[in-house]
file upload-v4.cif (mmCIF, C-alpha atoms and all ligand atoms)
data_start
loop_
_atom_site.label_atom_id
_atom_site.label_comp_id
_atom_site.auth_asym_id
_atom_site.auth_seq_id
_atom_site.Cartn_x
_atom_site.Cartn_y
_atom_site.Cartn_z
CA MET F 1 9.70 -7.34 -14.09
CA PRO F 2 12.29 -8.74 -11.67
CA LYS F 3 10.84 -9.20 -8.21
CA ASP F 4 13.16 -6.76 -6.55
CA THR F 5 12.68 -3.92 -8.98
CA LYS F 6 11.70 -0.69 -7.31
CA LEU F 7 9.68 0.95 -10.03
CA VAL F 8 8.74 4.49 -9.32
CA TYR F 9 5.80 6.25 -10.80
CA PRO F 10 5.61 9.84 -9.68
CA ARG F 11 2.48 11.93 -10.21
CA ALA F 12 4.14 13.63 -13.15
CA ALA F 13 5.02 11.23 -15.93
CA ALA F 14 7.75 13.60 -17.06
CA ALA F 15 9.57 13.20 -13.76
CA LYS F 16 9.82 9.47 -14.40
CA GLU F 17 11.41 10.04 -17.78
CA ALA F 18 13.93 12.38 -16.24
CA ASP F 19 14.76 10.25 -13.27
CA HIS F 20 15.18 6.80 -14.75
CA PRO F 21 17.34 7.24 -17.81
CA ARG F 22 19.64 4.46 -16.64
CA ARG F 23 17.16 1.59 -16.87
CA ARG F 24 16.08 2.69 -20.31
CA GLU F 25 19.63 2.92 -21.65
CA HIS F 26 20.40 -0.43 -20.06
CA GLU F 27 17.46 -2.11 -21.78
CA GLN F 28 18.45 -0.71 -25.13
CA SER F 29 22.16 -1.30 -24.95
CA GLU F 30 22.09 -4.77 -23.42
CA ARG F 31 19.74 -6.35 -25.91
CA PRO F 32 21.77 -8.69 -28.17
CA GLU F 33 21.92 -7.89 -31.88
CA ARG F 34 19.28 -9.67 -33.88
CA GLU F 35 18.24 -9.95 -37.48
CA PRO F 36 16.33 -6.87 -38.62
CA VAL F 37 12.62 -7.42 -37.99
CA ARG F 38 9.54 -6.22 -39.73
CA PRO F 39 8.11 -3.19 -37.96
CA VAL F 40 5.09 -4.11 -35.83
CA GLN F 41 2.05 -1.89 -35.85
CA THR F 42 1.23 -0.93 -32.26
CA VAL F 43 -1.40 1.18 -30.60
CA ASP F 44 0.05 3.86 -28.38
CA LEU F 45 -2.14 3.13 -25.36
CA ASP F 46 -0.35 5.66 -23.22
CA ALA F 47 -0.90 8.45 -25.69
CA GLU F 48 -4.58 7.55 -25.96
CA LEU F 49 -5.04 7.42 -22.20
CA GLN F 50 -3.14 10.66 -21.81
CA GLN F 51 -5.45 12.26 -24.40
CA ILE F 52 -8.59 11.09 -22.57
CA TYR F 53 -7.10 12.28 -19.30
CA ASP F 54 -6.17 15.71 -20.71
CA ASP F 55 -9.62 16.09 -22.30
CA ALA F 56 -11.28 15.29 -18.97
CA LEU F 57 -9.15 17.92 -17.20
CA LEU F 58 -10.01 20.45 -19.90
CA ALA F 59 -13.68 19.62 -19.41
CA GLY F 60 -13.27 20.72 -15.79
CA LEU F 61 -12.74 17.46 -13.86
CA SER F 62 -10.06 17.31 -11.17
CA PRO F 63 -7.28 14.66 -11.47
CA SER F 64 -8.80 12.63 -8.63
CA GLU F 65 -12.27 12.80 -10.21
CA VAL F 66 -10.83 11.43 -13.44
CA GLN F 67 -9.06 8.71 -11.56
CA SER F 68 -12.09 7.76 -9.50
CA ALA F 69 -14.24 7.64 -12.65
CA PHE F 70 -11.67 5.42 -14.32
CA LYS F 71 -11.33 3.10 -11.36
CA ALA F 72 -15.07 2.95 -10.87
CA GLU F 73 -15.33 1.72 -14.44
CA ILE F 74 -12.59 -0.87 -14.01
CA TYR F 75 -13.22 -2.15 -10.53
CA PHE F 76 -16.94 -1.54 -10.10
CA PRO F 77 -18.53 -1.58 -13.55
CA LYS F 78 -22.07 -0.34 -13.15
CA LYS F 79 -23.62 -1.88 -16.23
CA ARG F 80 -23.89 -5.61 -16.57
CA ARG F 81 -23.07 -6.67 -20.08
CA PRO F 82 -24.41 -9.72 -21.92
CA VAL F 83 -22.41 -12.59 -20.44
CA GLY F 84 -22.24 -14.83 -23.52
CA LYS F 85 -20.58 -12.23 -25.71
CA TRP F 86 -18.08 -11.32 -23.01
CA LEU F 87 -17.26 -14.93 -22.24
CA VAL F 88 -16.34 -15.46 -25.88
CA SER F 89 -14.21 -12.30 -25.91
CA ALA F 90 -12.60 -13.29 -22.63
CA ALA F 91 -11.50 -16.59 -24.11
CA VAL F 92 -10.63 -15.36 -27.58
CA VAL F 93 -8.54 -12.34 -26.66
CA PRO F 94 -5.98 -14.11 -24.43
CA LEU F 95 -5.83 -16.98 -26.91
CA ALA F 96 -5.15 -14.58 -29.77
CA MET F 97 -2.44 -12.91 -27.68
CA LEU F 98 -0.81 -16.25 -26.92
CA LEU F 99 -0.90 -17.28 -30.58
CA TYR F 100 0.54 -13.92 -31.52
CA VAL F 101 3.41 -14.26 -29.04
CA PHE F 102 4.20 -17.86 -29.94
CA PHE F 103 3.88 -17.73 -33.70
CA TYR F 104 4.34 -14.20 -34.92
CA ARG F 105 7.01 -13.18 -32.43
CA ALA F 106 8.68 -16.61 -32.72
CA GLU F 107 8.81 -16.21 -36.47
CA MET F 108 10.29 -12.77 -36.07
CA ILE F 109 13.17 -14.16 -34.11
CA ASP F 110 13.68 -17.17 -36.38
CA THR F 111 11.77 -19.58 -34.16
CA ASN F 112 14.86 -19.83 -32.06
CA VAL F 113 13.52 -20.97 -28.69
CA ALA F 114 16.46 -19.67 -26.68
CA ALA F 115 16.09 -16.30 -28.34
CA LEU F 116 12.34 -16.41 -27.69
CA GLU F 117 12.92 -17.01 -24.00
CA ASP F 118 15.46 -14.27 -23.97
CA TYR F 119 13.06 -11.99 -25.78
CA LEU F 120 10.24 -12.68 -23.35
CA GLN F 121 12.51 -12.05 -20.41
CA ASP F 122 13.72 -8.79 -21.89
CA THR F 123 10.19 -7.74 -22.74
CA GLN F 124 8.81 -7.02 -19.34
CA CYS F 125 5.29 -6.19 -20.44
CA LEU F 126 3.33 -6.50 -23.66
CA VAL F 127 2.29 -2.90 -23.18
CA GLU F 128 5.07 -0.67 -21.84
CA GLN F 129 3.82 0.87 -18.59
CA SER F 130 4.04 4.58 -18.02
CA ALA F 131 3.34 6.62 -14.92
CA LEU F 132 -0.21 7.11 -16.12
CA THR F 133 -1.00 3.48 -16.97
CA MET F 134 0.54 2.28 -13.71
CA GLU F 135 -1.53 4.77 -11.79
CA MET F 136 -4.69 3.77 -13.63
CA PHE F 137 -4.22 0.00 -13.19
CA ARG F 138 -2.76 -0.26 -9.72
CA PRO F 139 -4.85 -2.03 -7.06
CA LEU F 140 -6.83 0.26 -4.78
CA ALA F 141 -5.32 0.99 -1.36
CA LYS F 142 -7.03 -0.50 1.70
CA CYS F 143 -7.77 2.94 3.12
CA GLU F 144 -9.84 1.88 6.13
CA ALA F 145 -7.14 -0.42 7.51
CA MET F 146 -4.31 1.97 6.65
CA CYS F 147 -5.84 4.95 8.39
CA LYS F 148 -8.07 3.52 11.13
CA ASP F 149 -7.37 5.45 14.37
CA LEU F 150 -4.42 7.13 12.72
CA GLY F 151 -5.20 10.75 13.58
CA ASP F 152 -2.99 13.47 12.14
CA THR F 153 0.33 12.43 13.63
CA PHE F 154 2.79 9.95 12.29
CA PRO F 155 2.76 6.94 14.65
CA ARG F 156 5.95 6.83 16.70
CA VAL F 157 7.20 4.36 19.33
CA ASP F 158 10.55 3.61 20.90
CA ASN F 159 10.09 -0.15 20.78
CA ILE F 160 7.53 -2.61 19.55
CA THR F 161 7.00 -6.34 19.66
CA ARG F 162 6.86 -8.36 16.50
CA GLU F 163 3.29 -9.38 17.23
CA ASP F 164 2.14 -5.79 17.67
CA PHE F 165 4.05 -4.65 14.60
CA MET F 166 2.75 -7.42 12.36
CA LYS F 167 -0.85 -6.99 13.46
CA ASN F 168 -1.14 -3.24 13.64
CA TYR F 169 1.38 -1.93 11.08
CA ALA F 170 2.75 -4.51 8.61
CA GLY F 171 -0.68 -6.05 8.21
CA THR F 172 -2.58 -2.78 7.85
CA GLY F 173 -0.24 -0.56 5.83
CA LYS F 174 0.00 2.04 8.63
CA PRO F 175 3.37 3.77 8.68
CA LEU F 176 5.53 3.75 11.81
CA LEU F 177 8.65 5.43 13.15
CA VAL F 178 10.62 3.41 15.71
CA THR F 179 13.10 5.72 17.39
CA GLY F 180 16.63 4.73 18.42
CA VAL F 181 16.17 1.06 17.58
CA ALA F 182 19.24 0.95 15.32
CA SER F 183 21.47 3.07 17.50
CA GLN F 184 23.81 0.16 18.35
CA TRP F 185 24.44 -0.94 14.79
CA PRO F 186 28.12 -0.94 13.69
CA ALA F 187 26.95 0.98 10.60
CA LEU F 188 26.56 4.12 12.71
CA LYS F 189 30.32 4.12 13.23
CA THR F 190 31.39 2.93 9.78
CA PHE F 191 29.06 4.26 7.06
CA SER F 192 30.27 7.30 5.16
CA TYR F 193 30.73 8.24 1.54
CA ASN F 194 34.28 6.79 1.74
CA TYR F 195 33.00 3.52 3.22
CA PHE F 196 30.87 2.87 0.15
CA ARG F 197 33.61 3.98 -2.23
CA SER F 198 36.10 1.51 -0.67
CA LEU F 199 33.49 -1.23 -0.46
CA TYR F 200 32.84 -1.19 -4.18
CA GLN F 201 36.45 -0.53 -5.15
CA ASN F 202 37.67 -3.45 -3.01
CA HIS F 203 35.40 -5.91 -4.75
CA SER F 204 36.43 -6.00 -8.36
CA SER F 205 33.44 -6.45 -10.68
CA ALA F 206 30.97 -5.28 -7.99
CA VAL F 207 30.35 -2.00 -9.80
CA ARG F 208 29.75 -3.77 -13.10
CA VAL F 209 27.41 -6.33 -11.46
CA ASN F 210 25.54 -3.51 -9.82
CA GLU F 211 25.22 -1.42 -12.92
CA GLU F 212 24.02 -4.37 -14.99
CA GLU F 213 21.57 -5.85 -12.53
CA CYS F 214 20.50 -3.20 -10.06
CA GLN F 215 18.91 0.21 -10.04
CA PHE F 216 20.35 3.64 -9.43
CA PHE F 217 18.16 6.69 -8.87
CA SER F 218 19.48 10.14 -9.41
CA TYR F 219 17.28 12.80 -7.88
CA GLY F 220 17.74 15.87 -10.04
CA CYS F 221 21.54 15.75 -10.00
CA ASN F 222 24.15 14.71 -12.53
CA ILE F 223 25.27 11.57 -10.69
CA THR F 224 23.42 8.94 -12.65
CA THR F 225 25.45 5.76 -12.11
CA LEU F 226 27.39 4.06 -9.36
CA THR F 227 30.54 4.84 -11.36
CA ASP F 228 29.64 8.55 -11.26
CA LEU F 229 29.05 8.30 -7.52
CA LEU F 230 32.42 6.70 -6.85
CA ALA F 231 34.22 9.15 -9.12
CA MET F 232 32.85 12.29 -7.46
CA PRO F 233 35.47 14.90 -6.53
CA ASP F 234 36.30 14.64 -2.83
CA ASP F 235 35.05 18.11 -1.90
CA ARG F 236 31.65 17.46 -3.47
CA ALA F 237 31.44 13.98 -1.94
CA HIS F 238 32.18 15.41 1.52
CA LEU F 239 29.95 18.48 1.04
CA GLU F 240 32.90 20.85 1.36
CA GLY F 241 33.28 24.39 0.00
CA ASP F 242 30.93 25.54 -2.71
CA PHE F 243 29.83 22.03 -3.65
CA VAL F 244 27.00 21.17 -6.06
CA PRO F 245 24.17 19.48 -4.08
CA TRP F 246 23.40 15.83 -4.84
CA TYR F 247 21.06 13.08 -3.74
CA ILE F 248 20.96 9.53 -5.02
CA GLY F 249 19.70 6.04 -4.13
CA TRP F 250 20.75 2.60 -5.28
CA SER F 251 20.11 -1.04 -4.60
CA ASN F 252 22.97 -3.49 -4.27
CA CYS F 253 23.16 -6.66 -6.38
CA ASP F 254 26.68 -7.84 -5.57
CA GLU F 255 26.76 -10.82 -3.19
CA ARG F 256 30.07 -9.92 -1.52
CA VAL F 257 29.00 -6.34 -0.93
CA LYS F 258 25.71 -7.65 0.46
CA ARG F 259 27.52 -9.93 2.94
CA LYS F 260 29.73 -7.04 4.02
CA LEU F 261 26.76 -4.69 4.47
CA ARG F 262 24.98 -7.25 6.59
CA THR F 263 27.82 -7.28 9.09
CA GLN F 264 26.97 -3.62 9.70
CA TYR F 265 23.26 -3.92 10.46
CA THR F 266 20.57 -6.38 11.52
CA VAL F 267 17.06 -6.58 10.14
CA PRO F 268 14.80 -4.90 12.76
CA HIS F 269 13.72 -7.48 15.34
CA PHE F 270 10.02 -6.68 14.99
CA VAL F 271 9.99 -7.42 11.25
CA LYS F 272 9.10 -10.94 10.22
CA LEU F 273 11.06 -12.40 7.34
CA THR F 274 9.77 -15.20 5.17
CA LYS F 275 11.68 -17.52 2.83
CA ASP F 276 11.47 -15.23 -0.14
CA ASP F 277 12.78 -12.28 1.89
CA ALA F 278 16.26 -13.76 1.36
CA GLU F 279 16.06 -12.14 -2.09
CA ASN F 280 15.37 -8.67 -0.71
CA LEU F 281 17.95 -6.15 -1.79
CA ASP F 282 19.60 -3.53 0.37
CA TRP F 283 18.71 0.00 -0.68
CA MET F 284 20.95 2.94 0.17
CA PHE F 285 20.00 6.62 -0.10
CA MET F 286 22.67 9.26 0.34
CA GLY F 287 23.23 12.95 -0.29
CA SER F 288 23.35 16.54 0.80
CA SER F 289 20.68 18.73 2.35
CA GLY F 290 17.66 19.89 0.40
CA PRO F 291 14.90 18.00 -1.36
CA GLY F 292 15.54 14.25 -1.54
CA ALA F 293 13.12 11.97 -3.37
CA PHE F 294 10.40 13.85 -5.28
CA ILE F 295 6.83 12.87 -4.51
CA HIS F 296 6.10 9.39 -5.89
CA VAL F 297 4.61 6.03 -5.12
CA ASP F 298 6.49 2.78 -5.75
CA SER F 299 5.41 -0.39 -7.44
CA VAL F 300 7.22 -3.07 -5.49
CA GLU F 301 5.94 -6.25 -3.91
CA LYS F 302 6.37 -5.38 -0.27
CA PRO F 303 6.57 -2.53 2.23
CA SER F 304 9.98 -1.14 3.21
CA TRP F 305 11.93 -0.31 6.33
CA GLN F 306 14.69 2.26 6.30
CA ALA F 307 17.23 3.14 8.99
CA GLN F 308 18.85 6.56 9.33
CA ILE F 309 22.58 5.98 9.79
CA VAL F 310 24.05 9.47 9.30
CA GLY F 311 22.29 12.86 9.32
CA SER F 312 18.55 13.40 9.41
CA LYS F 313 15.69 13.37 6.97
CA THR F 314 11.98 14.14 6.96
CA TRP F 315 9.49 11.86 5.19
CA THR F 316 6.20 13.34 4.04
CA LEU F 317 3.40 10.92 3.20
CA TYR F 318 0.19 11.68 1.34
CA PRO F 319 -2.71 9.23 1.01
CA MET F 320 -3.71 7.74 -2.32
CA PRO F 321 -6.56 9.67 -3.99
CA GLU F 322 -9.13 6.98 -3.10
CA CYS F 323 -8.16 7.33 0.60
CA GLU F 324 -8.51 11.09 0.84
CA SER F 325 -11.82 10.96 2.72
CA VAL F 326 -10.59 8.42 5.31
CA CYS F 327 -6.91 9.32 5.77
CA PRO F 328 -5.10 12.43 7.02
CA GLY F 329 -4.14 14.94 4.31
CA LYS F 330 -0.48 14.48 5.07
CA LEU F 331 1.81 12.84 7.62
CA GLU F 332 5.36 13.87 8.48
CA ALA F 333 8.14 12.13 10.37
CA THR F 334 11.71 13.23 10.92
CA MET F 335 14.27 10.46 11.24
CA ARG F 336 17.44 10.94 13.23
CA LYS F 337 20.46 8.68 13.58
CA GLY F 338 19.38 5.24 14.77
CA ASP F 339 15.67 5.64 13.91
CA ILE F 340 13.85 3.23 11.62
CA ILE F 341 10.86 4.18 9.50
CA LEU F 342 8.45 1.62 8.06
CA VAL F 343 6.31 2.64 5.12
CA ASP F 344 4.26 0.75 2.58
CA THR F 345 5.66 2.85 -0.25
CA ASN F 346 3.19 1.24 -2.69
CA ASN F 347 0.24 2.72 -0.84
CA TRP F 348 1.44 6.12 0.30
CA TYR F 349 2.76 8.89 -1.89
CA HIS F 350 6.03 9.93 -0.33
CA SER F 351 8.80 12.49 -0.63
CA THR F 352 11.84 13.21 1.50
CA PHE F 353 13.82 16.25 2.65
CA ILE F 354 17.39 16.13 3.96
CA HIS F 355 18.24 18.46 6.81
CA PRO F 356 21.32 20.71 6.74
CA GLY F 357 24.40 19.69 8.67
CA GLU F 358 25.69 16.26 7.82
CA ILE F 359 25.32 14.11 4.74
CA SER F 360 22.29 11.82 5.03
CA ILE F 361 22.91 8.08 4.68
CA THR F 362 20.22 5.44 5.08
CA ILE F 363 20.01 1.72 4.49
CA GLY F 364 16.84 -0.31 4.19
CA SER F 365 15.11 -3.19 2.57
CA GLU F 366 11.69 -4.75 2.15
CA TYR F 367 9.74 -7.04 4.48
CA SER F 368 6.68 -9.21 4.33
CA ARG F 369 3.22 -7.98 5.18
CA GLU F 370 2.28 -11.22 6.90
O1 LIG J 401 14.97 7.77 1.25
C1 LIG J 401 14.52 8.48 0.36
O2 LIG J 401 14.90 9.64 0.18
C2 LIG J 401 13.46 7.92 -0.55
C3 LIG J 401 13.17 6.49 -0.26
C4 LIG J 401 12.07 5.94 -1.08
O3 LIG J 401 11.48 6.56 -1.91
C5 LIG J 401 11.68 4.54 -0.82
O4 LIG J 401 12.32 3.87 -0.02
O5 LIG J 401 10.73 4.11 -1.45
FE FE J 402 9.88 5.38 -2.83
#

call {"tool": "encode", "arguments": {"input": "upload-v4.cif", "output": "structure tokens"}}
result
Amino acid sequence: MPKDTKLVYPRAAAAKEADHPRRREHEQSERPEREPVRPVQTVDLDAELQQIYDDALLAGLSPSEVQSAFKAEIYFPKKRRPVGKWLVSAAVVPLAMLLYVFFYRAEMIDTNVAALEDYLQDTQCLVEQSALTMEMFRPLAKCEAMCKDLGDTFPRVDNITREDFMKNYAGTGKPLLVTGVASQWPALKTFSYNYFRSLYQNHSSAVRVNEEECQFFSYGCNITTLTDLLAMPDDRAHLEGDFVPWYIGWSNCDERVKRKLRTQYTVPHFVKLTKDDAENLDWMFMGSSGPGAFIHVDSVEKPSWQAQIVGSKTWTLYPMPECESVCPGKLEATMRKGDIILVDTNNWYHSTFIHPGEISITIGSEYSRE
């Protein structure tokens, strides 16, 4: 998976299907035509896991009990198994997989090495991950560090040093709201729906680059691509009259647009950037009042910061199931113009709500934990 991919896996697998049609279409339509291949027999791991999961629920277990049982088995196996037998399996299985990939798959694509590389790049995982498999195999959250001394209120400050931030928030996974810290950014005067429309229209090919290489999330509305966003009727775009509500988010992959965006904001001074943070993408979320992002947890490398540029929005965080005994049941923070929120979106379930009044526009990116 590309480093910068924000992969969302909401609690309900169905929501993922509905909300990420774009990436699926893209994968199917962009794959170059190849010779017809013999069908490969596969095991539908998702379906099997789903069946076990459903059976456990029917037997009276709660979702978090099923998950804890599963994790306990994976991360803390109780029974020790004969080492010799497992050592052999541990060596044989990966070897068999490698041989399979290099010989069988290579034969399927005519042992053409370029095509093989292409194939392996296209094929992000040997087993396609679903919401359920991602949830089952994700690393456990570091609940103690994330919630130590947290209490029931979302931590909030009006300034913070880099040292304090890195030690007590970035390093621990605790969320933070820093109020007013972006209030001098040029973006507060320039960002609007029209700003983004002109930005992409003024850079020919930027929309195509974005649609081919970046992600676009449509939260329960019919705007599913950047092209749709830019082609919205003016009254709907400006929330005028009897408009149909909308909320979307996208990351930008066009270099010229990126340079332009970065004249409008500065990475928060308390965030430490490392060499590989140069690859971080800008993420924009925009739309009308009502529910924003549905509850989900991301699977990205790093935590994120997000600045509220226009309007206001409430974030609601819920702890991961394994943290329920150590962490608060829920945390809420409302962001207003100029505020910056910092959340490790891999380790907190989160959803957003946009307040009535203005359109909500945010910009954000990722940062390093250490
Ligand atoms: O801003 C939003 O509405 C959602 C943002 C989000 O889910 C994220 O940054 O991970
Ligand atoms: Fe998210």

call {"tool": "closest_atom_pairs", "arguments": {"input": "upload-v4.cif", "of": "chain F", "to": "ligand LIG 401 (chain J)", "cutoff": "10 Å", "atoms": "all atoms listed in the file", "output": "JSON lines"}}
result
{"residue": "F:Lys6", "atom": "CA", "partner": "J:LIG401", "partner_atom": "O5", "distance": 7.6}
{"residue": "F:Leu7", "atom": "CA", "partner": "J:LIG401", "partner_atom": "O5", "distance": 9.2}
{"residue": "F:Val8", "atom": "CA", "partner": "J:LIG401", "partner_atom": "O5", "distance": 8.1}
{"residue": "F:Phe217", "atom": "CA", "partner": "J:LIG401", "partner_atom": "C2", "distance": 9.6}
{"residue": "F:Tyr219", "atom": "CA", "partner": "J:LIG401", "partner_atom": "O2", "distance": 9.0}
{"residue": "F:Tyr247", "atom": "CA", "partner": "J:LIG401", "partner_atom": "O2", "distance": 8.1}
{"residue": "F:Ile248", "atom": "CA", "partner": "J:LIG401", "partner_atom": "O2", "distance": 8.0}
{"residue": "F:Gly249", "atom": "CA", "partner": "J:LIG401", "partner_atom": "C1", "distance": 7.3}
{"residue": "F:Trp250", "atom": "CA", "partner": "J:LIG401", "partner_atom": "C3", "distance": 9.9}
{"residue": "F:Trp283", "atom": "CA", "partner": "J:LIG401", "partner_atom": "O4", "distance": 7.5}
{"residue": "F:Met284", "atom": "CA", "partner": "J:LIG401", "partner_atom": "O1", "distance": 7.8}
{"residue": "F:Phe285", "atom": "CA", "partner": "J:LIG401", "partner_atom": "O1", "distance": 5.3}
{"residue": "F:Met286", "atom": "CA", "partner": "J:LIG401", "partner_atom": "O2", "distance": 7.8}
{"residue": "F:Gly287", "atom": "CA", "partner": "J:LIG401", "partner_atom": "O2", "distance": 9.0}
{"residue": "F:Pro291", "atom": "CA", "partner": "J:LIG401", "partner_atom": "O2", "distance": 8.5}
{"residue": "F:Gly292", "atom": "CA", "partner": "J:LIG401", "partner_atom": "O2", "distance": 5.0}
{"residue": "F:Ala293", "atom": "CA", "partner": "J:LIG401", "partner_atom": "O2", "distance": 4.6}
{"residue": "F:Phe294", "atom": "CA", "partner": "J:LIG401", "partner_atom": "O3", "distance": 8.1}
{"residue": "F:Ile295", "atom": "CA", "partner": "J:LIG401", "partner_atom": "O3", "distance": 8.3}
{"residue": "F:His296", "atom": "CA", "partner": "J:LIG401", "partner_atom": "O3", "distance": 7.3}
{"residue": "F:Val297", "atom": "CA", "partner": "J:LIG401", "partner_atom": "O5", "distance": 7.4}
{"residue": "F:Asp298", "atom": "CA", "partner": "J:LIG401", "partner_atom": "O5", "distance": 6.2}
{"residue": "F:Ser299", "atom": "CA", "partner": "J:LIG401", "partner_atom": "O5", "distance": 9.2}
{"residue": "F:Val300", "atom": "CA", "partner": "J:LIG401", "partner_atom": "O5", "distance": 9.0}
{"residue": "F:Pro303", "atom": "CA", "partner": "J:LIG401", "partner_atom": "O5", "distance": 8.7}
{"residue": "F:Ser304", "atom": "CA", "partner": "J:LIG401", "partner_atom": "O4", "distance": 6.4}
{"residue": "F:Trp305", "atom": "CA", "partner": "J:LIG401", "partner_atom": "O4", "distance": 7.6}
{"residue": "F:Gln306", "atom": "CA", "partner": "J:LIG401", "partner_atom": "O4", "distance": 6.9}
{"residue": "F:Ala307", "atom": "CA", "partner": "J:LIG401", "partner_atom": "O1", "distance": 9.3}
{"residue": "F:Gln308", "atom": "CA", "partner": "J:LIG401", "partner_atom": "O1", "distance": 9.0}
{"residue": "F:Lys313", "atom": "CA", "partner": "J:LIG401", "partner_atom": "O2", "distance": 7.8}
{"residue": "F:Thr314", "atom": "CA", "partner": "J:LIG401", "partner_atom": "O2", "distance": 8.6}
{"residue": "F:Trp315", "atom": "CA", "partner": "J:LIG401", "partner_atom": "O2", "distance": 7.7}
{"residue": "F:Ile341", "atom": "CA", "partner": "J:LIG401", "partner_atom": "O4", "distance": 9.6}
{"residue": "F:Leu342", "atom": "CA", "partner": "J:LIG401", "partner_atom": "O4", "distance": 9.2}
{"residue": "F:Val343", "atom": "CA", "partner": "J:LIG401", "partner_atom": "O4", "distance": 8.0}
{"residue": "F:Asp344", "atom": "CA", "partner": "J:LIG401", "partner_atom": "O5", "distance": 8.3}
{"residue": "F:Thr345", "atom": "CA", "partner": "J:LIG401", "partner_atom": "O5", "distance": 5.4}
{"residue": "F:Asn346", "atom": "CA", "partner": "J:LIG401", "partner_atom": "O5", "distance": 8.2}
{"residue": "F:Trp348", "atom": "CA", "partner": "J:LIG401", "partner_atom": "O5", "distance": 9.7}
{"residue": "F:Tyr349", "atom": "CA", "partner": "J:LIG401", "partner_atom": "O3", "distance": 9.0}
{"residue": "F:His350", "atom": "CA", "partner": "J:LIG401", "partner_atom": "O3", "distance": 6.6}
{"residue": "F:Ser351", "atom": "CA", "partner": "J:LIG401", "partner_atom": "C2", "distance": 6.5}
{"residue": "F:Thr352", "atom": "CA", "partner": "J:LIG401", "partner_atom": "O2", "distance": 4.9}
{"residue": "F:Phe353", "atom": "CA", "partner": "J:LIG401", "partner_atom": "O2", "distance": 7.1}
{"residue": "F:Ile354", "atom": "CA", "partner": "J:LIG401", "partner_atom": "O2", "distance": 7.9}
{"residue": "F:Ser360", "atom": "CA", "partner": "J:LIG401", "partner_atom": "O2", "distance": 9.1}
{"residue": "F:Ile361", "atom": "CA", "partner": "J:LIG401", "partner_atom": "O1", "distance": 8.7}
{"residue": "F:Thr362", "atom": "CA", "partner": "J:LIG401", "partner_atom": "O1", "distance": 6.9}
{"residue": "F:Ile363", "atom": "CA", "partner": "J:LIG401", "partner_atom": "O1", "distance": 8.5}
{"residue": "F:Gly364", "atom": "CA", "partner": "J:LIG401", "partner_atom": "O4", "distance": 7.5}
{"residue": "F:Ser365", "atom": "CA", "partner": "J:LIG401", "partner_atom": "O4", "distance": 8.0}
{"residue": "F:Glu366", "atom": "CA", "partner": "J:LIG401", "partner_atom": "O4", "distance": 8.9}

call {"tool": "atom_distance", "arguments": {"input": "upload-v4.cif", "atom1": "atom CA of Pro328 of chain F", "atom2": "atom CA of Gly173 of chain F"}}
result
13.9 Å

call {"tool": "closest_residue", "arguments": {"input": "upload-v4.cif", "among": "F:Ser312, F:Asn347, F:Asn280, F:Ser130", "to": "ligand FE 402 (chain J)", "atoms": "all atoms listed in the file"}}
result
F:Asn347

call {"tool": "closest_residue", "arguments": {"input": "upload-v4.cif", "among": "F:Leu317, F:Val271, F:Met232, F:Leu150", "to": "ligand FE 402 (chain J)", "atoms": "only C-alpha atoms and all ligand atoms"}}
result
F:Leu317

call {"tool": "atom_distance", "arguments": {"input": "upload-v4.cif", "atom1": "atom CA of Asn159 of chain F", "atom2": "atom CA of Thr334 of chain F"}}
result
16.7 Å

call {"tool": "axis_aligned_box", "arguments": {"input": "upload-v4.cif", "around": "segment 170-187 of chain F", "padding_each_side": "3 Å", "output": "JSON"}}
result
{"center_x": 12.8, "center_y": -0.2, "center_z": 12.1, "size_x": 36.7, "size_y": 17.8, "size_z": 18.6}

call {"tool": "residues_around", "arguments": {"input": "upload-v4.cif", "residues": "Glu358 of chain F", "least_positions_apart": "4", "cutoff": "9 Å", "atoms": "all atoms listed in the file", "output": "PyMOL selection string"}}
result
chain F and resi 239+288-289+310-312

call {"tool": "closest_residue", "arguments": {"input": "upload-v4.cif", "among": "F:Val181, F:Pro356, F:Lys260, F:Arg336", "to": "Pro245 of chain F", "atoms": "all atoms listed in the file"}}
result
F:Pro356

call {"tool": "atom_distance", "arguments": {"input": "upload-v4.cif", "atom1": "atom CA of Asp242 of chain F", "atom2": "atom CA of Ile309 of chain F"}}
result
24.7 Å

call {"tool": "closest_residue", "arguments": {"input": "upload-v4.cif", "among": "F:Thr316, F:Cys323, F:Arg256, F:Leu61", "to": "ligand FE 402 (chain J)", "atoms": "all atoms listed in the file"}}
result
F:Thr316

call {"tool": "decode", "arguments": {"input": "upload-v4.cif", "residues": "segment 160-164 of chain F", "atoms": "N, CA and C atoms", "output": "short mmCIF file (atom, residue, chain, number, x, y, z; two decimals), in the first residue's frame"}}
result
data_model
loop_
_atom_site.label_atom_id
_atom_site.label_comp_id
_atom_site.auth_asym_id
_atom_site.auth_seq_id
_atom_site.Cartn_x
_atom_site.Cartn_y
_atom_site.Cartn_z
N ILE F 160 1.74 25.48 23.08
CA ILE F 160 2.51 24.37 23.64
C ILE F 160 3.90 24.37 23.00
N THR F 161 4.88 23.97 23.77
CA THR F 161 6.23 23.90 23.19
C THR F 161 6.37 22.56 22.47
N ARG F 162 7.36 22.54 21.57
CA ARG F 162 7.57 21.30 20.84
C ARG F 162 7.96 20.16 21.79
N GLU F 163 8.77 20.50 22.77
CA GLU F 163 9.24 19.48 23.70
C GLU F 163 8.06 18.85 24.45
N ASP F 164 7.20 19.73 24.97
CA ASP F 164 6.02 19.26 25.72
C ASP F 164 5.12 18.43 24.80
#
